[in-house]
>>> print(open('data_0.txt').read())   # compact mmCIF, C-alpha atoms
# COMPACT_ATOMS: atom_id res chain seq x y z
CA MET R 13 80.82 37.02 130.60
CA GLU R 14 80.90 40.36 128.77
CA LYS R 15 79.65 43.24 130.92
CA ARG R 16 76.29 44.63 129.83
CA THR R 17 76.09 48.36 129.13
CA ASP R 18 73.80 50.36 131.42
CA MET R 19 71.55 51.91 128.78
CA ARG R 20 69.79 54.09 131.39
CA ALA R 21 73.15 55.67 132.18
CA GLU R 22 73.75 56.16 128.45
CA ALA R 23 70.33 57.79 128.12
CA LEU R 24 71.11 60.12 131.01
CA ASP R 25 74.36 61.22 129.36
CA THR R 26 72.57 61.76 126.05
CA LEU R 27 69.77 63.86 127.56
CA ILE R 28 72.26 66.03 129.46
CA ASP R 29 74.27 66.46 126.25
CA ILE R 30 71.15 67.54 124.35
CA GLU R 31 70.12 70.07 127.00
CA ARG R 32 73.54 71.43 127.95
CA ASN R 33 75.13 71.58 124.49
CA LYS R 34 71.98 72.20 122.43
CA LYS R 35 72.83 69.14 120.36
CA LEU R 36 70.11 67.82 118.05
CA SER R 37 68.56 64.76 119.65
CA HIS R 38 68.72 62.52 116.58
CA ILE R 39 72.44 63.26 116.24
CA ALA R 40 73.18 62.66 119.92
CA ILE R 41 71.16 59.43 119.93
CA GLY R 42 72.73 58.28 116.67
CA GLU R 43 76.24 58.80 118.02
CA THR R 44 75.52 56.62 121.04
CA LEU R 45 73.85 53.90 118.99
CA MET R 46 76.85 53.86 116.67
CA ARG R 47 79.14 53.23 119.67
CA HIS R 48 76.94 50.40 120.88
CA GLN R 49 76.13 48.49 117.71
CA SER R 50 76.96 45.20 119.44
CA GLU R 51 74.39 45.66 122.20
CA LYS R 52 71.19 43.65 122.21
CA LYS R 53 68.44 44.93 119.94
CA SER R 54 66.11 45.22 122.95
CA ASP R 55 68.64 47.34 124.90
CA ARG R 56 69.21 49.67 121.96
CA ALA R 57 65.44 49.98 121.49
CA PHE R 58 64.96 50.76 125.20
CA TYR R 59 67.64 53.46 125.07
CA THR R 60 66.18 55.03 121.93
CA ARG R 61 62.62 55.00 123.25
CA LEU R 62 63.70 56.56 126.54
CA CYS R 63 65.74 59.37 124.94
CA GLU R 64 63.19 60.17 122.27
CA GLY R 65 60.27 59.94 124.66
CA VAL R 66 61.76 62.23 127.31
CA THR R 67 62.70 64.74 124.62
CA GLU R 68 59.33 64.83 122.89
CA ARG R 69 57.27 64.97 126.12
CA LYS R 70 59.55 67.28 128.11
CA ILE R 71 56.97 70.02 128.72
CA TYR R 72 54.34 67.54 129.91
CA LEU R 73 56.81 65.70 132.13
CA ASP R 74 57.89 68.97 133.77
CA TYR R 75 54.22 69.86 134.31
CA ILE R 76 53.68 66.59 136.18
CA LEU R 77 56.97 66.76 138.07
CA ASP R 78 56.35 70.36 139.13
CA THR R 79 53.04 69.22 140.62
CA TYR R 80 54.76 66.83 143.02
CA SER R 81 58.16 68.44 143.56
CA LYS R 82 58.82 71.24 146.03
CA THR R 83 61.65 72.41 143.75
CA PRO R 84 60.53 73.46 140.24
CA MET R 85 62.24 71.54 137.45
CA LYS R 86 63.82 74.69 136.01
CA LYS R 87 65.66 75.18 139.33
CA CYS R 88 66.91 71.58 139.60
CA LYS R 89 70.45 70.64 138.68
CA PRO R 90 70.60 69.39 135.05
CA LEU R 91 71.46 65.81 136.04
CA ILE R 92 68.66 65.60 138.61
CA ARG R 93 66.18 67.18 136.18
CA SER R 94 67.07 64.62 133.50
CA LEU R 95 66.90 61.74 136.00
CA LEU R 96 63.43 62.79 137.15
CA ARG R 97 62.20 63.14 133.57
CA MET R 98 63.58 59.69 132.73
CA GLY R 99 61.93 58.15 135.79
CA ALA R 100 58.60 59.85 135.16
CA TYR R 101 58.59 58.83 131.49
CA GLN R 102 59.22 55.18 132.37
CA ILE R 103 56.46 55.23 134.99
CA LEU R 104 53.89 56.94 132.77
CA PHE R 105 54.66 55.74 129.24
CA MET R 106 56.80 52.59 129.26
CA ASP R 107 56.29 48.96 130.16
CA VAL R 108 58.77 49.17 133.02
CA ARG R 109 58.22 48.12 136.61
CA ASP R 110 57.59 51.21 138.72
CA ALA R 111 59.98 49.99 141.39
CA ALA R 112 62.74 49.55 138.80
CA ALA R 113 62.20 53.06 137.38
CA CYS R 114 62.54 54.53 140.89
CA SER R 115 65.42 52.41 142.15
CA GLU R 116 67.50 52.82 139.00
CA ALA R 117 67.08 56.61 139.17
CA VAL R 118 68.21 56.60 142.80
CA SER R 119 71.17 54.38 141.94
CA LEU R 120 72.26 56.67 139.11
CA ALA R 121 71.99 59.73 141.37
CA LYS R 122 74.33 58.07 143.88
CA LYS R 123 76.79 56.88 141.21
CA ARG R 124 77.00 60.41 139.76
CA GLY R 125 77.82 62.02 143.11
CA PHE R 126 74.33 63.22 144.05
CA GLY R 127 73.67 60.81 146.91
CA ARG R 128 72.36 63.62 149.11
CA LEU R 129 69.58 64.21 146.55
CA SER R 130 68.72 60.54 146.06
CA GLY R 131 65.96 60.76 148.66
CA PHE R 132 64.43 63.71 146.82
CA VAL R 133 64.51 61.78 143.52
CA ASN R 134 63.00 58.71 145.16
CA GLY R 135 60.27 60.73 146.89
CA VAL R 136 59.10 62.57 143.78
CA LEU R 137 59.02 59.45 141.60
CA ARG R 138 57.25 57.31 144.18
CA THR R 139 54.63 60.04 144.57
CA ILE R 140 54.00 59.91 140.81
CA VAL R 141 53.65 56.11 141.08
CA ARG R 142 50.98 56.56 143.77
CA GLU R 143 49.17 59.33 141.91
CA LYS R 144 49.47 58.16 138.29
CA ASP R 145 45.78 57.21 138.05
CA ARG R 146 44.72 60.72 139.09
CA LEU R 147 47.28 63.01 137.51
CA PRO R 148 46.42 66.68 136.96
CA VAL R 149 44.92 67.57 133.57
CA PRO R 150 45.36 71.03 132.00
CA ASP R 151 42.19 73.09 131.58
CA LYS R 152 40.77 73.09 128.02
CA LYS R 153 39.30 76.55 128.58
CA GLU R 154 42.76 77.89 127.76
CA PHE R 155 43.10 75.68 124.72
CA ASP R 156 46.49 76.95 123.58
CA LYS R 157 47.93 76.18 127.03
CA TYR R 158 46.12 72.83 127.08
CA LEU R 159 47.72 71.85 123.75
CA SER R 160 51.10 73.11 124.93
CA ILE R 161 51.13 70.94 128.06
CA THR R 162 49.32 67.88 126.72
CA TYR R 163 51.45 67.54 123.58
CA SER R 164 54.62 69.24 124.82
CA VAL R 165 54.82 72.14 122.38
CA PRO R 166 55.64 75.77 123.20
CA GLU R 167 52.56 77.93 123.73
CA TRP R 168 53.47 80.28 120.88
CA LEU R 169 53.47 77.31 118.52
CA SER R 170 50.13 75.98 119.69
CA ARG R 171 48.64 79.46 119.19
CA LEU R 172 50.17 79.74 115.72
CA MET R 173 48.73 76.44 114.51
CA ILE R 174 45.31 77.26 115.99
CA ASP R 175 45.37 80.62 114.19
CA GLN R 176 46.59 79.24 110.85
CA TYR R 177 44.39 76.14 110.81
CA ASP R 178 41.86 75.56 113.63
CA ALA R 179 41.85 74.09 117.13
CA GLN R 180 40.85 70.58 116.05
CA THR R 181 43.42 70.40 113.23
CA ALA R 182 46.14 71.74 115.53
CA GLU R 183 45.38 69.05 118.10
CA THR R 184 45.35 66.36 115.38
CA MET R 185 48.79 67.50 114.21
CA PHE R 186 50.34 67.61 117.66
CA ALA R 187 48.84 64.27 118.70
CA SER R 188 50.26 62.60 115.57
CA PHE R 189 53.77 63.78 116.42
CA LEU R 190 53.69 61.68 119.61
CA GLU R 191 52.73 58.49 117.78
CA ALA R 192 55.32 55.86 116.93
CA ARG R 193 55.96 55.72 113.22
CA PRO R 194 57.80 53.23 111.03
CA LEU R 195 60.69 54.16 108.77
CA THR R 196 59.62 54.99 105.22
CA ILE R 197 61.80 53.97 102.29
CA ARG R 198 61.74 54.35 98.51
CA THR R 199 62.55 51.43 96.24
CA ASN R 200 65.49 51.99 93.89
CA LEU R 201 63.54 51.05 90.78
CA SER R 202 66.73 51.09 88.72
CA VAL R 203 67.84 47.83 90.33
CA ILE R 204 64.83 46.15 92.00
CA THR R 205 61.03 46.03 92.06
CA PRO R 206 59.04 46.89 95.20
CA GLU R 207 57.83 43.29 95.39
CA ALA R 208 61.37 41.86 95.22
CA LEU R 209 62.61 44.40 97.77
CA GLU R 210 59.79 43.53 100.14
CA GLU R 211 60.65 39.83 99.90
CA LYS R 212 64.36 40.51 100.39
CA LEU R 213 63.75 42.63 103.50
CA LYS R 214 61.39 40.08 105.04
CA LYS R 215 64.07 37.43 104.62
CA GLU R 216 66.35 39.70 106.69
CA GLY R 217 63.76 39.67 109.48
CA VAL R 218 62.31 43.14 108.80
CA SER R 219 58.59 43.91 109.04
CA VAL R 220 57.46 45.50 105.77
CA GLU R 221 54.24 47.26 104.75
CA ARG R 222 53.32 48.92 101.46
CA GLY R 223 53.23 52.71 101.35
CA THR R 224 50.01 54.69 101.49
CA TYR R 225 50.32 56.75 98.32
CA LEU R 226 53.04 55.50 95.99
CA PRO R 227 53.63 51.98 94.63
CA TYR R 228 57.40 52.14 95.20
CA ALA R 229 57.14 53.31 98.84
CA LEU R 230 57.47 50.87 101.74
CA THR R 231 57.52 51.23 105.51
CA ILE R 232 59.84 49.07 107.60
CA SER R 233 60.10 48.31 111.30
CA HIS R 234 61.60 45.79 113.75
CA LEU R 235 65.13 46.30 112.53
CA ASN R 236 68.17 46.85 114.70
CA TYR R 237 70.60 48.84 112.61
CA LEU R 238 70.01 50.05 109.06
CA GLY R 239 73.60 49.44 107.98
CA LYS R 240 73.29 45.75 108.83
CA LEU R 241 70.68 45.22 106.11
CA ALA R 242 72.18 43.80 102.92
CA ALA R 243 69.42 45.49 100.89
CA PHE R 244 70.52 48.87 102.26
CA ARG R 245 74.24 48.29 101.71
CA GLN R 246 73.52 47.15 98.16
CA GLY R 247 71.61 50.34 97.36
CA LYS R 248 68.25 48.64 96.87
CA PHE R 249 66.43 51.45 98.67
CA ALA R 250 66.77 54.96 100.10
CA VAL R 251 65.27 56.34 103.30
CA GLN R 252 62.72 58.94 102.24
CA ASP R 253 59.32 59.87 103.61
CA GLU R 254 56.38 59.57 101.21
CA SER R 255 55.79 63.31 101.45
CA SER R 256 59.24 63.97 100.00
CA GLN R 257 58.69 61.23 97.43
CA LEU R 258 55.50 63.00 96.34
CA ALA R 259 57.44 66.23 95.75
CA VAL R 260 59.53 64.43 93.11
CA GLU R 261 56.57 62.41 91.84
CA VAL R 262 54.76 65.59 90.76
CA ALA R 263 57.83 66.82 88.87
CA ASP R 264 57.66 66.11 85.16
CA ILE R 265 61.10 64.49 84.96
CA ASN R 266 61.85 62.84 81.62
CA GLU R 267 64.80 60.86 80.32
CA GLY R 268 67.67 63.13 79.32
CA ASP R 269 66.60 66.03 81.55
CA PHE R 270 68.97 68.24 83.52
CA VAL R 271 67.70 68.33 87.12
CA LEU R 272 69.04 70.70 89.77
CA ASP R 273 68.45 69.90 93.44
CA VAL R 274 69.36 73.31 94.78
CA CYS R 275 69.21 72.63 98.55
CA ALA R 276 69.88 68.96 98.28
CA ALA R 277 69.07 65.89 100.31
CA PRO R 278 69.87 62.28 99.43
CA GLY R 279 66.20 61.31 99.11
CA LYS R 280 65.25 63.88 96.47
CA THR R 281 68.54 63.76 94.57
CA PHE R 282 68.52 60.02 94.04
CA HIS R 283 64.77 59.88 93.45
CA ALA R 284 65.29 62.30 90.55
CA ALA R 285 68.22 60.21 89.30
CA ASP R 286 66.05 57.11 89.41
CA ARG R 287 63.44 58.83 87.26
CA LEU R 288 66.08 59.57 84.61
CA HIS R 289 66.81 55.84 84.08
CA GLY R 290 70.53 56.36 83.73
CA THR R 291 70.23 59.30 81.31
CA GLY R 292 70.54 63.06 81.77
CA LYS R 293 72.11 64.59 84.86
CA VAL R 294 71.25 65.57 88.42
CA LEU R 295 73.30 68.37 89.93
CA SER R 296 73.00 68.08 93.71
CA ARG R 297 74.05 71.19 95.65
CA ASP R 298 74.05 72.18 99.28
CA LEU R 299 75.68 74.84 101.42
CA THR R 300 77.15 72.46 103.98
CA GLU R 301 80.01 70.01 103.66
CA TYR R 302 78.16 67.67 106.01
CA LYS R 303 75.23 67.36 103.59
CA THR R 304 77.33 67.04 100.44
CA ASP R 305 79.49 64.37 102.10
CA LEU R 306 76.32 62.51 103.06
CA ILE R 307 75.06 62.65 99.48
CA GLU R 308 78.42 61.43 98.17
CA GLU R 309 78.32 58.48 100.57
CA ASN R 310 74.85 57.56 99.38
CA LYS R 311 75.87 58.05 95.76
CA ASP R 312 78.51 55.36 96.18
CA ARG R 313 75.96 53.07 97.82
CA MET R 314 73.20 53.71 95.27
CA CYS R 315 75.60 53.58 92.28
CA TYR R 316 74.14 56.49 90.31
CA GLU R 317 76.52 57.67 87.61
CA ASN R 318 74.37 60.60 86.51
CA VAL R 319 74.63 62.52 89.82
CA LYS R 320 77.16 65.28 90.44
CA VAL R 321 77.52 66.72 93.96
CA GLN R 322 78.77 70.25 94.71
CA GLN R 323 79.02 72.45 97.77
CA TRP R 324 77.38 75.75 96.82
CA ASP R 325 75.59 78.65 98.48
CA ALA R 326 72.14 78.90 96.86
CA LEU R 327 72.12 82.66 97.50
CA VAL R 328 75.04 83.06 95.08
CA GLU R 329 74.06 83.18 91.41
CA ASP R 330 75.82 80.75 89.09
CA GLU R 331 75.84 82.33 85.64
CA SER R 332 76.75 79.02 84.00
CA LEU R 333 73.32 77.63 84.95
CA LEU R 334 71.13 80.46 83.67
CA GLU R 335 68.17 79.14 81.65
CA SER R 336 69.67 75.63 81.49
CA VAL R 337 67.65 73.53 83.95
CA ASP R 338 64.69 71.37 82.91
CA VAL R 339 63.50 70.62 86.45
CA LEU R 340 64.52 72.62 89.52
CA LEU R 341 63.87 70.97 92.88
CA ALA R 342 63.58 73.80 95.39
CA ASP R 343 62.93 72.07 98.71
CA LEU R 344 64.15 75.07 100.65
CA PRO R 345 65.43 75.59 104.22
CA CYS R 346 62.46 75.90 106.55
CA SER R 347 61.36 75.58 110.16
CA GLY R 348 60.70 71.84 109.80
CA LEU R 349 57.43 72.01 111.73
CA GLY R 350 56.03 69.19 109.61
CA ILE R 351 58.64 66.69 110.76
CA MET R 352 58.49 67.32 114.50
CA GLY R 353 57.42 63.71 114.94
CA ARG R 354 60.78 62.55 113.60
CA LYS R 355 62.97 65.34 114.94
CA ASN R 356 61.28 66.01 118.22
CA ASP R 357 63.46 68.84 119.48
CA ILE R 358 62.65 71.16 116.57
CA LYS R 359 59.74 72.56 118.58
CA TYR R 360 62.03 73.63 121.40
CA GLN R 361 64.70 75.24 119.23
CA MET R 362 62.48 77.15 116.80
CA THR R 363 61.21 80.67 117.56
CA GLN R 364 58.67 82.96 115.93
CA GLN R 365 61.50 85.27 114.91
CA GLN R 366 63.23 82.39 113.15
CA LEU R 367 60.05 81.60 111.20
CA SER R 368 60.13 85.09 109.75
CA GLU R 369 63.86 84.90 109.06
CA LEU R 370 63.47 81.58 107.26
CA ALA R 371 60.68 82.96 105.06
CA GLN R 372 62.99 85.82 104.07
CA LEU R 373 65.85 83.39 103.42
CA GLN R 374 63.60 81.42 101.09
CA ARG R 375 62.79 84.59 99.16
CA GLY R 376 66.48 85.39 98.86
CA ILE R 377 67.15 81.94 97.41
CA LEU R 378 64.11 82.06 95.13
CA SER R 379 65.18 85.43 93.72
CA VAL R 380 68.33 83.70 92.44
CA ILE R 381 67.36 80.19 91.47
CA TRP R 382 64.30 80.80 89.29
CA LYS R 383 66.68 82.17 86.66
CA TYR R 384 68.20 78.71 86.22
CA VAL R 385 64.97 77.29 84.82
CA LYS R 386 64.90 77.22 81.04
CA PRO R 387 61.81 78.57 79.23
CA GLY R 388 59.29 75.74 79.35
CA GLY R 389 61.03 74.22 82.35
CA GLU R 390 59.60 73.84 85.83
CA MET R 391 60.36 74.46 89.51
CA ILE R 392 59.01 72.38 92.38
CA PHE R 393 58.82 74.63 95.44
CA SER R 394 58.37 72.56 98.58
CA THR R 395 59.06 72.64 102.31
CA CYS R 396 58.64 70.27 105.26
CA THR R 397 56.80 72.84 107.36
CA LEU R 398 53.21 73.69 108.26
CA ASN R 399 53.79 77.43 108.64
CA ARG R 400 51.91 79.33 105.95
CA GLY R 401 54.38 82.20 106.12
CA GLU R 402 57.00 79.90 104.59
CA ASN R 403 54.59 78.27 102.17
CA ILE R 404 51.51 80.00 100.81
CA GLU R 405 52.83 83.51 101.39
CA ASN R 406 55.98 82.69 99.46
CA ILE R 407 53.92 81.32 96.58
CA ARG R 408 52.41 84.78 96.35
CA TRP R 409 55.89 86.29 96.50
CA ILE R 410 57.07 84.11 93.59
CA GLU R 411 54.07 85.13 91.50
CA GLU R 412 54.59 88.81 92.22
CA ASN R 413 58.38 88.94 91.82
CA THR R 414 59.26 86.45 89.09
CA PRO R 415 57.83 85.43 85.70
CA MET R 416 57.22 81.90 87.02
CA ARG R 417 53.63 80.71 86.66
CA LEU R 418 51.93 78.57 89.31
CA VAL R 419 50.46 75.38 87.82
CA SER R 420 48.35 72.64 89.37
CA ILE R 421 49.85 69.37 90.62
CA GLU R 422 46.40 67.75 90.77
CA ASP R 423 46.92 65.40 87.80
CA TYR R 424 50.18 64.03 89.22
CA LEU R 425 48.75 63.05 92.62
CA PRO R 426 47.55 59.58 93.66
CA GLU R 427 43.77 59.15 93.74
CA THR R 428 43.60 59.35 97.54
CA LEU R 429 45.01 62.91 97.48
CA LYS R 430 43.06 64.28 94.52
CA GLY R 431 40.67 67.10 95.30
CA ARG R 432 42.95 68.54 97.98
CA THR R 433 44.77 71.13 95.89
CA GLY R 434 41.95 73.66 95.49
CA SER R 435 41.81 76.25 92.75
CA GLN R 436 45.51 77.13 93.11
CA GLY R 437 46.77 73.57 92.64
CA TYR R 438 49.20 73.26 95.56
CA LEU R 439 49.07 70.71 98.38
CA GLN R 440 49.57 70.94 102.13
CA LEU R 441 49.99 67.52 103.73
CA ILE R 442 48.90 67.46 107.38
CA PRO R 443 50.26 65.01 109.98
CA GLY R 444 47.47 62.98 111.54
CA LYS R 445 45.19 63.63 108.61
CA ASP R 446 47.68 62.27 106.08
CA SER R 447 49.85 59.19 106.54
CA CYS R 448 53.14 61.03 106.19
CA ASP R 449 55.10 64.04 107.40
CA GLY R 450 53.72 67.57 107.13
CA PHE R 451 54.83 68.81 103.73
CA PHE R 452 53.98 71.56 101.28
CA ILE R 453 54.26 71.03 97.50
CA SER R 454 53.75 73.46 94.65
CA LYS R 455 54.79 73.63 91.02
CA PHE R 456 55.78 76.52 88.76
CA GLU R 457 56.55 76.76 85.05
CA ARG R 458 58.70 79.32 83.29
CA PRO R 459 56.77 80.57 80.27
CA GLU R 460 58.21 80.01 76.82
CA ALA R 461 59.73 83.09 75.21
CA ARG R 462 57.47 84.70 72.59
>>> encode(input="data_0.txt", output="structure tokens")
Amino acid sequence: MEKRTDMRAEALDTLIDIERNKKLSHIAIGETLMRHQSEKKSDRAFYTRLCEGVTERKIYLDYILDTYSKTPMKKCKPLIRSLLRMGAYQILFMDVRDAAACSEAVSLAKKRGFGRLSGFVNGVLRTIVREKDRLPVPDKKEFDKYLSITYSVPEWLSRLMIDQYDAQTAETMFASFLEARPLTIRTNLSVITPEALEEKLKKEGVSVERGTYLPYALTISHLNYLGKLAAFRQGKFAVQDESSQLAVEVADINEGDFVLDVCAAPGKTFHAADRLHGTGKVLSRDLTEYKTDLIEENKDRMCYENVKVQQWDALVEDESLLESVDVLLADLPCSGLGIMGRKNDIKYQMTQQQLSELAQLQRGILSVIWKYVKPGGEMIFSTCTLNRGENIENIRWIEENTPMRLVSIEDYLPETLKGRTGSQGYLQLIPGKDSCDGFFISKFERPEAR
């Protein structure tokens, strides 16, 4: 009989790798899942849930563990700290027998050469088992600290969202990031209808629901590995959140247009190509080889002939593109605060200083790329963040420093989102309030020459 992989041990290695080497969790998890494609779906799901759960609730777990441990978590050895977090997460948030969570943690401590600390691990976890119906609760009188501990976000971030929105909205956002969410996909309308794609996916054993806002959006769940789906390999769909789909939906892309995706991602690039119906051209550019290689791979899968991919620094002006672009997709580098529910270590890696630096980077890029838009053409300025310094304040910067004119996206939105754009015509999507990632979308036109 083939030996079964110990997915708890794999999770421990992944969590240590994330903390020690500052590796992004989705990359570290993806690498392990790729190595273990042959494992049972349930084992892969257990591993993923454990790694993602410990990562996203790390601050709360340490708060609980510090309550019952004589040694603060920050002073524990990395392996012991990760083991305790794993054990506590299983006890508090997973359908795992308490005894199994404790005994497996003790066993792993011994196997990894920490037998002398196995009693400490066992004692702390068994105390949490005894006390889990009367765990400490942070005081709401210090609401920023309460949000920080309850939803595992840094205090500076909880204060920022309270200041920029309000306490209730901030809590709604943070709570939504801890909820399980299905994978959102966009139908490749060039080759299949949403109805036919839904039927095809269901035949492959996938659970499918229709999107909230757009007729070609679907959400899928109960799948093992994306690459095993024939519909994916055949380019019938692309992975893309509805928020990102909306950013292309509001663009006035017509057959024959020249579209530039200046800081490209596969979702936006191929969505634009789909809207062109085999005509025109999409130039997809990004600074990194990793991203351009990823787009090339998806180009082969999606079979779009009207997409050209280039590695290019958006801060460097390309004179050959001046006043030549019909639609400029400017989904610029940002803090990613709107997608913390999908990339749950963003909140630990981002700093207030970086927010300011990213806003300045956006302005540097914007000062170059607006010149590519032809008179009468348009620019979609969007980000996947909630921070107003990277969104609304940079709208003001565009208006003050370029000839581009802000126009409303109201008429391009689905009925359920109409009335949200206000007098300025831009849209901020809010996790928990909206059924998608946090995303900011605005639209500018370059006036015709007189």
>>> residues_around(input="data_0.txt", residues="range 413-418 of chain R", least_positions_apart="2", cutoff="7 Å", atoms="only C-alpha atoms", output="list in words")
Trp409, Ile410, Glu411, Ser420, Lys455, Phe456, Glu457, Arg458 and Pro459 of chain R
>>> axis_aligned_box(input="data_0.txt", around="range 281-292 of chain R", padding_each_side="6 Å", output="lines of an AutoDock Vina configuration file")
center_x = 67.0
center_y = 59.8
center_z = 87.9
size_x = 19.1
size_y = 19.9
size_z = 25.3
>>> residues_around(input="data_0.txt", residues="Asp298 in chain R", least_positions_apart="2", cutoff="12 Å", atoms="only C-alpha atoms", output="JSON, numbers by chain")
{"R": [272, 273, 274, 275, 276, 277, 278, 281, 295, 296, 300, 301, 302, 303, 304, 305, 306, 307, 308, 320, 321, 322, 323, 324, 325, 326, 327, 328, 342, 343, 344, 345]}
>>> atom_distance(input="data_0.txt", atom1="CA of Val339 in chain R", atom2="CA of Gly389 in chain R")
6.0 Å
>>> residues_around(input="data_0.txt", residues="Met106 in chain R", least_positions_apart="5", cutoff="12 Å", atoms="only C-alpha atoms", output="VMD selection string")
chain R and resid 57 to 59 61 to 62 65 to 66 98 to 101 112 to 113
>>> closest_residue(input="data_0.txt", among="R:His48, R:Ile140, R:Cys346, R:Asp446", to="Ile76 in chain R", atoms="all atoms listed in the file")
R:Ile140
>>> residues_around(input="data_0.txt", residues="Cys315 in chain R", least_positions_apart="3", cutoff="9 Å", atoms="all atoms listed in the file", output="count of residues only")
5
>>> atom_distance(input="data_0.txt", atom1="CA of Ile381 in chain R", atom2="CA of Glu460 in chain R")
17.3 Å
>>> closest_residue(input="data_0.txt", among="R:Lys212, R:Lys383, R:Lys86, R:Lys35", to="Ile358 in chain R", atoms="only C-alpha atoms")
R:Lys35
>>> atom_distance(input="data_0.txt", atom1="CA of Gln374 in chain R", atom2="CA of Ser454 in chain R")
14.2 Å
>>> closest_residue(input="data_0.txt", among="R:Ser368, R:Gln440, R:Ser394, R:Thr83", to="Leu340 in chain R", atoms="all atoms listed in the file")
R:Ser394
>>> closest_residue(input="data_0.txt", among="R:Val203, R:Leu429, R:Cys114, R:Leu226", to="Ile442 in chain R", atoms="all atoms listed in the file")
R:Leu429
